[in-house]
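Novice: Pasting coords.cif below, which is mmCIF, C-alpha atoms.
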data_input
loop_
_atom_site.label_atom_id
_atom_site.label_comp_id
_atom_site.auth_asym_id
_atom_site.auth_seq_id
_atom_site.Cartn_x
_atom_site.Cartn_y
_atom_site.Cartn_z
CA MET A 208 0.00 0.00 0.00
CA LYS A 209 1.32 3.43 -0.91
CA PRO A 210 1.83 5.88 1.97
CA SER A 211 -0.75 8.67 2.18
CA PRO A 212 0.45 11.87 0.57
CA PRO A 213 0.79 14.98 2.70
CA ALA A 214 -2.35 17.05 2.84
CA PRO A 215 -2.39 20.15 0.66
CA GLY A 216 -1.13 23.06 2.71
CA ASP A 217 1.30 20.97 4.79
CA SER A 218 3.70 23.78 5.78
CA THR A 219 6.54 21.43 6.71
CA GLN A 220 6.54 19.74 3.34
CA LEU A 221 6.14 23.09 1.58
CA ARG A 222 9.26 24.41 3.33
CA ARG A 223 11.16 21.23 2.47
CA ALA A 224 9.98 21.33 -1.12
CA VAL A 225 10.97 24.98 -1.58
CA THR A 226 14.34 24.42 0.11
CA SER A 227 14.98 21.33 -1.98
CA SER A 228 13.98 23.10 -5.19
CA PHE A 229 16.17 26.11 -4.44
CA LEU A 230 19.25 24.12 -3.41
CA GLY A 231 18.77 21.65 -6.23
CA SER A 232 18.50 24.50 -8.72
CA VAL A 233 21.60 26.17 -7.26
CA ILE A 234 23.59 22.96 -7.66
CA GLU A 235 22.27 22.15 -11.14
CA TYR A 236 22.89 25.65 -12.42
CA TYR A 237 26.26 25.86 -10.70
CA ASP A 238 27.29 22.97 -12.92
CA PHE A 239 25.45 24.14 -16.02
CA LEU A 240 26.46 27.82 -15.85
CA LEU A 241 29.98 27.02 -14.70
CA TYR A 242 30.39 25.70 -18.21
CA ALA A 243 29.08 29.01 -19.58
CA THR A 244 31.68 30.97 -17.62
CA ALA A 245 34.45 28.56 -18.60
CA SER A 246 33.44 28.75 -22.26
CA ALA A 247 33.84 32.52 -22.12
CA VAL A 248 37.18 32.66 -20.30
CA VAL A 249 39.19 29.48 -20.90
CA PHE A 250 37.70 26.76 -23.14
CA ALA A 251 38.74 28.50 -26.35
CA GLU A 252 42.37 28.14 -25.25
CA VAL A 253 42.05 24.63 -23.79
CA PHE A 254 39.86 22.78 -26.30
CA PHE A 255 40.11 24.93 -29.46
CA SER A 256 43.74 26.02 -29.33
CA ASP A 257 44.24 25.40 -33.06
CA LEU A 258 41.89 28.28 -33.93
CA ASP A 259 42.48 32.04 -33.83
CA PRO A 260 41.06 33.74 -30.70
CA LEU A 261 37.78 35.01 -32.19
CA ALA A 262 37.08 31.73 -34.03
CA GLY A 263 37.93 29.85 -30.83
CA THR A 264 35.41 31.96 -28.94
CA VAL A 265 32.73 31.19 -31.53
CA ALA A 266 33.52 27.46 -31.34
CA SER A 267 33.48 27.57 -27.55
CA PHE A 268 30.08 29.27 -27.55
CA GLY A 269 28.95 26.63 -30.06
CA THR A 270 29.60 23.86 -27.51
CA LEU A 271 27.77 25.99 -24.96
CA ALA A 272 24.75 26.08 -27.26
CA THR A 273 24.62 22.27 -27.55
CA GLY A 274 23.70 22.09 -23.88
CA TYR A 275 20.73 24.35 -24.49
CA VAL A 276 19.69 22.30 -27.53
CA ALA A 277 19.64 19.19 -25.32
CA ARG A 278 17.49 20.85 -22.65
CA PRO A 279 14.13 20.34 -24.46
CA LEU A 280 15.06 16.67 -24.89
CA GLY A 281 15.67 16.44 -21.15
CA GLY A 282 12.38 18.20 -20.48
CA VAL A 283 10.46 15.72 -22.64
CA LEU A 284 12.30 12.64 -21.34
CA PHE A 285 12.10 13.48 -17.64
CA GLY A 286 8.66 15.04 -18.11
CA HIS A 287 7.31 11.80 -19.58
CA PHE A 288 8.32 9.73 -16.58
CA GLY A 289 7.67 12.56 -14.13
CA ASP A 290 4.05 12.76 -15.30
CA ARG A 291 3.68 8.98 -15.12
CA LEU A 292 5.76 8.04 -12.06
CA GLY A 293 6.06 11.22 -10.02
CA ARG A 294 8.19 14.33 -9.64
CA LYS A 295 10.57 13.22 -6.90
CA ARG A 296 12.18 10.23 -8.64
CA MET A 297 13.07 12.25 -11.70
CA LEU A 298 14.61 15.03 -9.61
CA VAL A 299 16.97 12.61 -7.88
CA LEU A 300 18.01 11.17 -11.24
CA SER A 301 18.52 14.55 -12.93
CA MET A 302 20.75 15.79 -10.13
CA THR A 303 22.89 12.65 -10.22
CA LEU A 304 23.28 12.86 -13.99
CA MET A 305 24.40 16.49 -13.81
CA GLY A 306 26.93 15.90 -11.04
CA VAL A 307 28.58 13.01 -12.83
CA ALA A 308 28.77 14.89 -16.17
CA SER A 309 30.36 17.94 -14.53
CA PHE A 310 32.92 15.84 -12.70
CA LEU A 311 33.90 14.14 -15.96
CA ILE A 312 34.39 17.53 -17.66
CA GLY A 313 36.86 18.28 -14.87
CA VAL A 314 39.02 15.29 -15.83
CA LEU A 315 38.85 15.65 -19.63
CA PRO A 316 42.15 15.72 -21.54
CA THR A 317 42.83 18.89 -23.54
CA TYR A 318 43.20 19.41 -27.29
CA GLY A 319 46.96 19.49 -26.86
CA THR A 320 46.85 15.99 -25.34
CA VAL A 321 44.40 14.02 -27.48
CA GLY A 322 43.60 16.38 -30.36
CA GLY A 323 40.09 16.38 -31.79
CA LEU A 324 38.78 13.82 -29.31
CA ALA A 325 38.86 16.46 -26.56
CA PRO A 326 36.23 18.83 -28.02
CA VAL A 327 34.09 15.85 -29.10
CA ALA A 328 34.04 14.50 -25.53
CA LEU A 329 33.35 18.01 -24.25
CA VAL A 330 30.31 18.33 -26.53
CA LEU A 331 28.96 14.92 -25.47
CA LEU A 332 29.22 15.78 -21.78
CA ARG A 333 27.63 19.16 -22.45
CA VAL A 334 24.69 17.33 -24.03
CA VAL A 335 24.35 15.21 -20.89
CA GLN A 336 24.37 18.41 -18.82
CA GLY A 337 21.64 19.83 -21.01
CA VAL A 338 19.47 16.74 -20.66
CA ALA A 339 19.91 16.82 -16.88
CA VAL A 340 19.07 20.49 -16.39
CA GLY A 341 16.18 20.13 -18.85
CA GLY A 342 14.65 17.53 -16.55
CA GLU A 343 15.53 19.36 -13.34
CA TRP A 344 13.67 22.63 -13.81
CA GLY A 345 10.18 21.29 -14.41
CA GLY A 346 10.27 18.85 -11.53
CA ALA A 347 11.74 21.37 -9.10
CA VAL A 348 9.15 24.03 -9.97
CA LEU A 349 6.29 21.55 -9.63
CA MET A 350 7.55 20.32 -6.28
CA SER A 351 7.13 23.85 -4.93
CA ALA A 352 4.08 24.96 -6.90
CA GLU A 353 2.09 21.78 -6.28
CA HIS A 354 2.80 21.88 -2.53
CA ALA A 355 1.65 25.51 -2.30
CA THR A 356 -1.97 26.53 -1.78
CA GLU A 357 -1.37 30.27 -2.09
CA ARG A 358 1.36 32.70 -3.24
CA ARG A 359 2.32 30.22 -5.93
CA GLY A 360 4.41 32.75 -7.82
CA LEU A 361 6.55 33.40 -4.74
CA TRP A 362 7.17 29.76 -3.82
CA ALA A 363 7.75 28.55 -7.37
CA SER A 364 10.20 31.40 -7.99
CA PHE A 365 12.81 29.93 -5.66
CA THR A 366 13.65 27.41 -8.38
CA ASN A 367 14.32 30.25 -10.83
CA ALA A 368 16.21 32.14 -8.10
CA GLY A 369 18.54 29.16 -7.85
CA ALA A 370 19.86 29.88 -11.35
CA PRO A 371 21.56 33.24 -10.61
CA CYS A 372 22.62 31.94 -7.21
CA GLY A 373 24.27 28.99 -8.94
CA MET A 374 25.87 31.45 -11.33
CA ALA A 375 27.17 33.52 -8.40
CA VAL A 376 28.62 30.44 -6.71
CA SER A 377 30.21 29.23 -9.95
CA THR A 378 31.78 32.61 -10.73
CA VAL A 379 33.07 32.96 -7.16
CA VAL A 380 34.67 29.53 -7.30
CA MET A 381 36.08 30.22 -10.78
CA SER A 382 37.38 33.64 -9.74
CA VAL A 383 38.91 32.44 -6.46
CA THR A 384 40.56 29.54 -8.23
CA ALA A 385 42.01 31.82 -10.92
CA SER A 386 43.36 34.22 -8.27
CA ALA A 387 44.80 31.42 -6.15
CA VAL A 388 46.70 29.55 -8.84
CA GLY A 389 47.56 32.37 -11.26
CA GLU A 390 46.69 32.90 -14.93
CA GLU A 391 49.09 30.35 -16.41
CA ALA A 392 48.24 27.57 -13.97
CA PHE A 393 44.52 28.34 -14.26
CA VAL A 394 44.56 27.76 -18.03
CA ALA A 395 46.78 24.68 -17.63
CA TRP A 396 44.84 22.87 -14.88
CA GLY A 397 43.19 25.23 -12.39
CA TRP A 398 39.94 25.51 -14.35
CA ARG A 399 39.27 21.85 -13.50
CA ILE A 400 38.85 22.46 -9.76
CA PRO A 401 35.36 24.04 -9.91
CA PHE A 402 34.10 21.11 -11.98
CA LEU A 403 35.57 18.52 -9.63
CA LEU A 404 33.80 20.17 -6.69
CA SER A 405 30.52 19.05 -8.25
CA VAL A 406 30.81 15.75 -6.43
CA VAL A 407 30.60 17.50 -3.05
CA LEU A 408 27.58 19.54 -4.12
CA LEU A 409 25.91 16.41 -5.50
CA ALA A 410 26.13 14.67 -2.12
CA LEU A 411 24.64 17.72 -0.37
CA GLY A 412 21.83 18.06 -2.86
CA LEU A 413 20.80 14.41 -2.72
CA PHE A 414 20.71 14.52 1.08
CA VAL A 415 18.20 17.39 1.01
CA ARG A 416 16.14 16.14 -1.93
CA LEU A 417 15.54 12.65 -0.58
CA ARG A 418 13.69 14.10 2.45
CA VAL A 419 10.89 15.61 0.35
CA THR A 420 7.68 13.69 -0.33
CA GLU A 421 5.76 13.50 -3.60
CA THR A 422 3.44 16.46 -4.22
CA PRO A 423 -0.17 16.11 -2.99
CA VAL A 424 -1.50 17.38 -6.33
CA PHE A 425 0.24 14.60 -8.27
CA ALA A 426 -0.54 11.93 -5.66
CA SER A 427 -4.22 12.85 -5.78
CA ALA A 428 -4.31 12.83 -9.59
CA ALA A 429 -2.47 9.50 -9.71
CA ALA A 430 -5.05 7.97 -7.40
CA GLU A 431 -7.98 9.20 -9.50
CA GLU A 432 -6.85 8.57 -13.07
CA ALA A 433 -4.53 6.32 -15.03
CA PRO A 434 -1.33 7.89 -16.35
CA ARG A 435 -1.38 9.04 -19.94
CA ARG A 436 0.66 6.88 -22.25
CA ALA A 437 2.25 9.86 -23.94
CA PRO A 438 2.07 13.16 -22.03
CA LEU A 439 3.99 14.79 -24.87
CA TRP A 440 1.28 13.83 -27.35
CA ASP A 441 -1.35 15.28 -25.04
CA VAL A 442 0.52 18.59 -24.94
CA LEU A 443 1.18 18.74 -28.69
CA ARG A 444 -2.32 17.63 -29.68
CA ASN A 445 -4.46 19.48 -27.16
CA HIS A 446 -2.42 22.55 -26.25
CA PRO A 447 -0.16 23.52 -29.20
CA ARG A 448 -1.24 27.17 -29.18
CA VAL A 449 -0.67 27.54 -25.44
CA LEU A 450 2.73 25.84 -25.75
CA LEU A 451 3.87 28.14 -28.57
CA LEU A 452 2.66 31.25 -26.77
CA GLY A 453 4.48 30.10 -23.64
CA VAL A 454 7.70 29.72 -25.63
CA GLY A 455 7.24 33.19 -27.07
CA VAL A 456 6.72 34.66 -23.61
CA GLY A 457 9.99 33.21 -22.31
CA LEU A 458 12.32 33.72 -25.27
CA SER A 459 13.37 37.29 -24.53
CA ALA A 460 14.16 36.46 -20.91
CA PHE A 461 16.58 33.79 -22.05
CA VAL A 462 18.12 35.86 -24.83
CA MET A 463 18.87 38.53 -22.24
CA GLN A 464 20.11 35.91 -19.79
CA GLY A 465 22.59 34.60 -22.37
CA THR A 466 23.67 38.16 -23.11
CA LEU A 467 24.25 39.15 -19.48
CA THR A 468 25.79 35.93 -18.16
CA THR A 469 27.87 34.74 -21.11
CA PHE A 470 28.29 37.09 -24.06
CA ILE A 471 28.97 40.20 -21.99
CA ILE A 472 31.88 38.40 -20.26
CA SER A 473 33.88 37.85 -23.43
CA TYR A 474 32.74 41.22 -24.82
CA ALA A 475 33.98 43.08 -21.74
CA VAL A 476 37.29 41.19 -21.72
CA ARG A 477 37.88 42.12 -25.36
CA ALA A 478 36.94 45.72 -24.46
CA GLY A 479 39.89 45.82 -22.08
CA PHE A 480 38.52 44.72 -18.70
CA GLY A 481 40.38 42.06 -16.74
CA ARG A 482 38.72 38.66 -16.39
CA GLU A 483 38.56 38.93 -12.62
CA THR A 484 36.92 42.35 -12.83
CA VAL A 485 34.21 41.03 -15.14
CA LEU A 486 33.66 37.90 -13.04
CA HIS A 487 33.37 40.00 -9.88
CA ALA A 488 30.72 42.21 -11.52
CA LEU A 489 28.84 39.12 -12.65
CA THR A 490 29.02 37.64 -9.15
CA VAL A 491 27.50 40.75 -7.58
CA SER A 492 24.72 40.98 -10.16
CA SER A 493 23.93 37.26 -9.88
CA ALA A 494 23.64 37.43 -6.10
CA LEU A 495 21.36 40.46 -6.27
CA ALA A 496 19.28 38.80 -8.99
CA VAL A 497 18.03 36.29 -6.41
CA VAL A 498 16.29 39.14 -4.59
CA GLY A 499 14.95 40.55 -7.86
CA ILE A 500 13.49 37.22 -9.00
CA VAL A 501 11.76 36.49 -5.70
CA GLY A 502 10.53 40.07 -5.38
CA TRP A 503 9.04 40.39 -8.86
CA SER A 504 7.51 36.89 -8.61
CA ALA A 505 5.81 37.86 -5.36
CA ALA A 506 4.55 40.98 -7.13
CA SER A 507 3.07 38.76 -9.86
CA ASP A 508 0.94 37.05 -7.19
CA ARG A 509 -0.58 40.43 -6.39
CA PHE A 510 -0.72 42.12 -9.79
CA GLY A 511 -0.75 39.11 -12.12
CA ARG A 512 1.88 37.41 -14.28
CA ARG A 513 0.95 39.32 -17.42
CA PRO A 514 1.55 42.93 -16.31
CA VAL A 515 4.84 42.13 -14.58
CA VAL A 516 6.27 40.15 -17.52
CA ALA A 517 5.06 42.67 -20.11
CA ALA A 518 6.51 45.63 -18.20
CA GLY A 519 9.81 43.78 -17.86
CA ALA A 520 9.96 43.06 -21.58
CA VAL A 521 9.41 46.72 -22.45
CA ALA A 522 12.08 47.82 -19.95
CA VAL A 523 14.64 45.27 -21.16
CA GLY A 524 13.98 46.12 -24.81
CA ALA A 525 14.83 49.76 -24.09
CA TYR A 526 17.78 48.91 -21.85
CA ALA A 527 19.39 46.79 -24.57
CA PHE A 528 20.49 50.01 -26.28
CA ALA A 529 22.21 51.31 -23.12
CA LEU A 530 23.96 48.06 -22.12
CA PHE A 531 26.87 48.06 -24.55
CA PRO A 532 27.67 51.80 -24.36
CA LEU A 533 27.98 51.37 -20.57
CA VAL A 534 30.49 48.55 -21.06
CA ASP A 535 32.32 50.46 -23.81
CA SER A 536 32.85 53.36 -21.42
CA GLY A 537 35.83 51.54 -19.93
CA SER A 538 34.67 52.40 -16.42
CA THR A 539 34.56 49.55 -13.91
CA ALA A 540 31.77 51.31 -12.03
CA LEU A 541 29.64 51.60 -15.17
CA LEU A 542 30.36 47.97 -16.04
CA LEU A 543 28.98 47.02 -12.63
CA VAL A 544 25.95 49.26 -13.16
CA ALA A 545 25.35 47.69 -16.58
CA VAL A 546 25.21 44.11 -15.36
CA VAL A 547 23.48 44.83 -12.03
CA VAL A 548 20.65 46.86 -13.57
CA GLY A 549 20.25 44.34 -16.37
CA GLN A 550 20.53 41.08 -14.46
CA SER A 551 19.29 42.06 -10.99
CA VAL A 552 16.49 44.55 -11.67
CA LEU A 553 15.06 44.33 -15.19
CA HIS A 554 15.65 40.74 -16.31
CA PRO A 555 13.93 39.27 -13.18
CA MET A 556 10.69 41.02 -14.15
CA MET A 557 10.45 38.72 -17.16
CA TYR A 558 12.20 35.68 -15.75
CA GLY A 559 10.88 35.32 -12.19
CA PRO A 560 7.15 34.83 -12.90
CA LEU A 561 7.86 32.21 -15.60
CA ALA A 562 8.10 29.43 -13.00
CA ALA A 563 4.49 29.85 -11.91
CA LEU A 564 3.23 30.84 -15.36
CA TYR A 565 4.38 27.65 -17.08
CA THR A 566 2.95 25.40 -14.35
CA GLU A 567 -0.44 27.10 -14.71
CA LEU A 568 -0.85 26.20 -18.37
CA PHE A 569 -1.23 22.42 -18.22
CA ALA A 570 -3.17 19.63 -16.48
CA THR A 571 -1.48 17.61 -13.72
CA ARG A 572 -0.74 14.44 -15.71
CA SER A 573 0.96 16.38 -18.51
CA ARG A 574 2.20 19.39 -16.52
CA TYR A 575 5.80 18.21 -16.05
CA THR A 576 6.11 17.62 -19.80
CA GLY A 577 4.30 20.77 -20.92
CA ALA A 578 5.96 23.17 -18.49
CA SER A 579 9.41 21.68 -19.12
CA LEU A 580 9.05 21.72 -22.90
CA GLY A 581 7.81 25.30 -23.03
CA TYR A 582 10.50 26.56 -20.68
CA GLN A 583 13.34 24.64 -22.32
CA LEU A 584 12.38 25.60 -25.85
CA ALA A 585 12.41 29.21 -24.73
CA GLY A 586 15.75 28.47 -23.08
CA LEU A 587 17.30 27.95 -26.51
CA GLY A 588 17.51 31.73 -26.60
CA ALA A 589 20.18 31.71 -23.88
CA GLY A 590 22.21 29.09 -25.70
CA PHE A 591 22.14 30.64 -29.15
CA ALA A 592 22.23 34.35 -28.30
CA PRO A 593 25.97 34.41 -27.43
CA LEU A 594 26.77 32.33 -30.52
CA ILE A 595 24.70 34.54 -32.83
CA PHE A 596 26.10 37.75 -31.33
CA ALA A 597 29.68 36.45 -31.64
CA GLU A 598 29.00 35.65 -35.31
CA VAL A 599 27.57 39.14 -35.83
CA GLN A 600 30.78 40.61 -34.47
CA ALA A 601 32.92 38.23 -36.52
CA LEU A 602 31.13 39.50 -39.63
CA GLY A 603 31.85 43.08 -38.65
CA GLY A 604 28.46 43.95 -37.17
CA GLY A 605 28.14 46.44 -34.34
CA THR A 606 26.39 46.34 -30.99
CA THR A 607 23.40 48.29 -32.31
CA ALA A 608 22.42 45.25 -34.38
CA ILE A 609 22.67 43.08 -31.24
CA SER A 610 20.49 45.51 -29.30
CA LEU A 611 17.89 45.45 -32.07
CA VAL A 612 17.74 41.65 -31.91
CA ILE A 613 17.20 41.76 -28.14
CA ALA A 614 14.48 44.42 -28.51
CA GLY A 615 12.78 42.32 -31.19
CA PHE A 616 12.53 39.32 -28.86
CA CYS A 617 11.16 41.58 -26.14
CA ALA A 618 8.44 42.78 -28.51
CA LEU A 619 7.56 39.14 -29.21
CA THR A 620 7.19 38.53 -25.47
CA VAL A 621 4.80 41.46 -25.06
CA VAL A 622 2.58 40.19 -27.89
CA CYS A 623 2.58 36.58 -26.66
CA VAL A 624 1.87 37.38 -23.01
CA LEU A 625 -1.03 39.64 -23.99
CA VAL A 626 -2.54 36.96 -26.23
CA LEU A 627 -1.94 34.19 -23.68
CA GLY A 628 -3.88 36.00 -20.97
CA GLU A 629 -3.60 35.92 -17.19
CA THR A 630 -2.76 32.52 -15.66
CA SER A 631 -2.45 33.24 -11.93
CA GLY A 632 -6.09 32.27 -11.29
CA ASN A 633 -5.67 28.73 -12.67
CA GLU A 634 -6.03 25.97 -10.07
CA LEU A 635 -3.30 23.30 -10.25
CA ALA A 636 -5.36 20.63 -8.51
CA ALA A 637 -8.10 20.97 -11.14
CA PRO A 638 -7.62 20.03 -14.80
CA ALA A 639 -5.86 23.29 -15.63
CA GLY A 640 -5.80 22.28 -19.28
CA ARG A 641 -9.54 22.95 -19.54
CA ARG A 642 -8.93 26.66 -19.21
CA ALA A 643 -6.19 26.46 -21.83
CA GLU A 644 -8.52 24.49 -24.11
CA ARG A 645 -11.19 27.19 -23.72
CA ARG A 646 -8.66 29.86 -24.67
CA GLU A 647 -7.64 27.85 -27.73
CA ALA A 648 -11.25 27.52 -28.78
CA VAL A 649 -11.81 31.30 -28.77
#
Would you mind writing the structure in this file as structure tokens?
Specialist:
Amino acid sequence: MKPSPPAPGDSTQLRRAVTSSFLGSVIEYYDFLLYATASAVVFAEVFFSDLDPLAGTVASFGTLATGYVARPLGGVLFGHFGDRLGRKRMLVLSMTLMGVASFLIGVLPTYGTVGGLAPVALVLLRVVQGVAVGGEWGGAVLMSAEHATERRGLWASFTNAGAPCGMAVSTVVMSVTASAVGEEAFVAWGWRIPFLLSVVLLALGLFVRLRVTETPVFASAAAEEAPRRAPLWDVLRNHPRVLLLGVGVGLSAFVMQGTLTTFIISYAVRAGFGRETVLHALTVSSALAVVGIVGWSAASDRFGRRPVVAAGAVAVGAYAFALFPLVDSGSTALLLVAVVVGQSVLHPMMYGPLAALYTELFATRSRYTGASLGYQLAGLGAGFAPLIFAEVQALGGGTTAISLVIAGFCALTVVCVLVLGETSGNELAAPAGRRAERREAV
């Protein structure tokens, strides 16, 4: 006999679920975004040393993008079993997969040692990372959202807040390591240390995650109806319009995320800033972004997801034209202002409410799949933005063209969120898909 699920509103399990989701997200994104930082500051020299610096940067960002391409696959794969078997099992598996992949990156031989096999192995492990983080987000958000009976935007946002926190931890570890061992040693072997530390974080994360029970919403649905054979088919057949609108809502947030956390690093270094200076600015903005994400998500509980996300998209679209001139100023203070305002204040307006918004679009037995797929397809923007922008620069394009691209994605978000409508009133315990179906029928 299966143990009785916790009653909805169980505050102890809600606290455990939110803590587990936040820490799990920190650990997953530490690993995933550590790669992003490394691709900007060292991988071009370590794995693509046969290319000129700019081409090496493009190639390095190309391997970064493969992880984002794999994220929708992870969302579908883990979502399928998460909708059939439960959220908790998939979260334990995704965390283990990520920790092992990151550790193996830390022991990879370089291009100078094994030639072309090194970047091939790097790409394969990056794909594994992408699959793992693609499965992590949906399950972690649902663990919080489906345990909550009120203030869903606030509680679900802690999963999204784990991403910049993971970035802050990864950049601190990377920066401290670089300072401790020196530039030459860091490129030679020091960059491996942050990846090897993944094993320690994995043990901590599993300890916390194993203490959380399955969500009452899923347990109740599992007791009342048989699992769907193909949750993905249910999403694609019954909710294609809602899925596409959800992707459109999230794209600009991820394009800006890729700009602020990856592309701006290499751009600022080429503009004359030291690597440590840029990493320190990114660390400060990432830490402050946690407050921004939680704060704007809480505001979306009061004012609605739609007005907060739409206002954020308009603000970011305008700010895109100020970002690069601030960096080009050569002032360390203005560099800090550029990344803090962008990542900690404006970007969270779009990004924070997404956790609750995506969970509110789908029914319980296809929610893991639908929310994960929508979020991870939108996440392709973060993977490809640095690559596209690097190619624009390689072809002689200026930053105005990059700003126009960012503003264009922000305009798309405004249109999609207005068409999608408000989601904060949707009940997760009820067949939320009915409301989506009614919207599609209009």
Novice: Can you give me, as a ChimeraX atom specification, the residues this file yields under the PyMOL selection byres ((chain A and resi 440-456) around 9)?
Specialist: /A:435-439,457-460,516-517,557,561,564-565,568-569,573-574,576-578,580-586,616-617,619-624,626-627,640,643-644,646-647
Novice: How would you write, as a count of residues only, the residues chosen by the PyMOL selection byres ((chain A and resi 334) around 9) on this structure?
Specialist: 17
Novice: Using all atoms listed in the file, can you tell me which of A:Ala475, A:Leu625, A:Val424, A:Ala520 comes closest to Glu353 (chain A)?
Specialist: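 Comparing A:Ala475, A:Leu625, A:Val424, A:Ala520 against Glu353 (chain A), the winner is A:Val424.
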Novice: Could you give me, as a PyMOL selection string, the residues within 10 Å of Ser504 (chain A), counting only C-alpha atoms and dropping anything in the same chain fewer than 4 positions from it?
Specialist: chain A and resi 358-365+367-368+498-500+508-512+515-516+555-563
Novice: Could you build a table of the residues in region 571-620 of chain A lying no more than 12 Å from region 532-549 of chain A, giving for each the nearest pair of atoms and their separation in Å rounded to one decimal place, using all atoms listed in the file, ordered by chain and ascending residue number, as a Markdown table?
Specialist:
| residue | atom | partner | partner_atom | distance |
| --- | --- | --- | --- | --- |
| A:Gly605 | CA | A:Pro532 | CA | 11.3 |
| A:Thr606 | CA | A:Pro532 | CA | 8.7 |
| A:Thr607 | CA | A:Pro532 | CA | 9.7 |
| A:Ser610 | CA | A:Pro532 | CA | 10.7 |
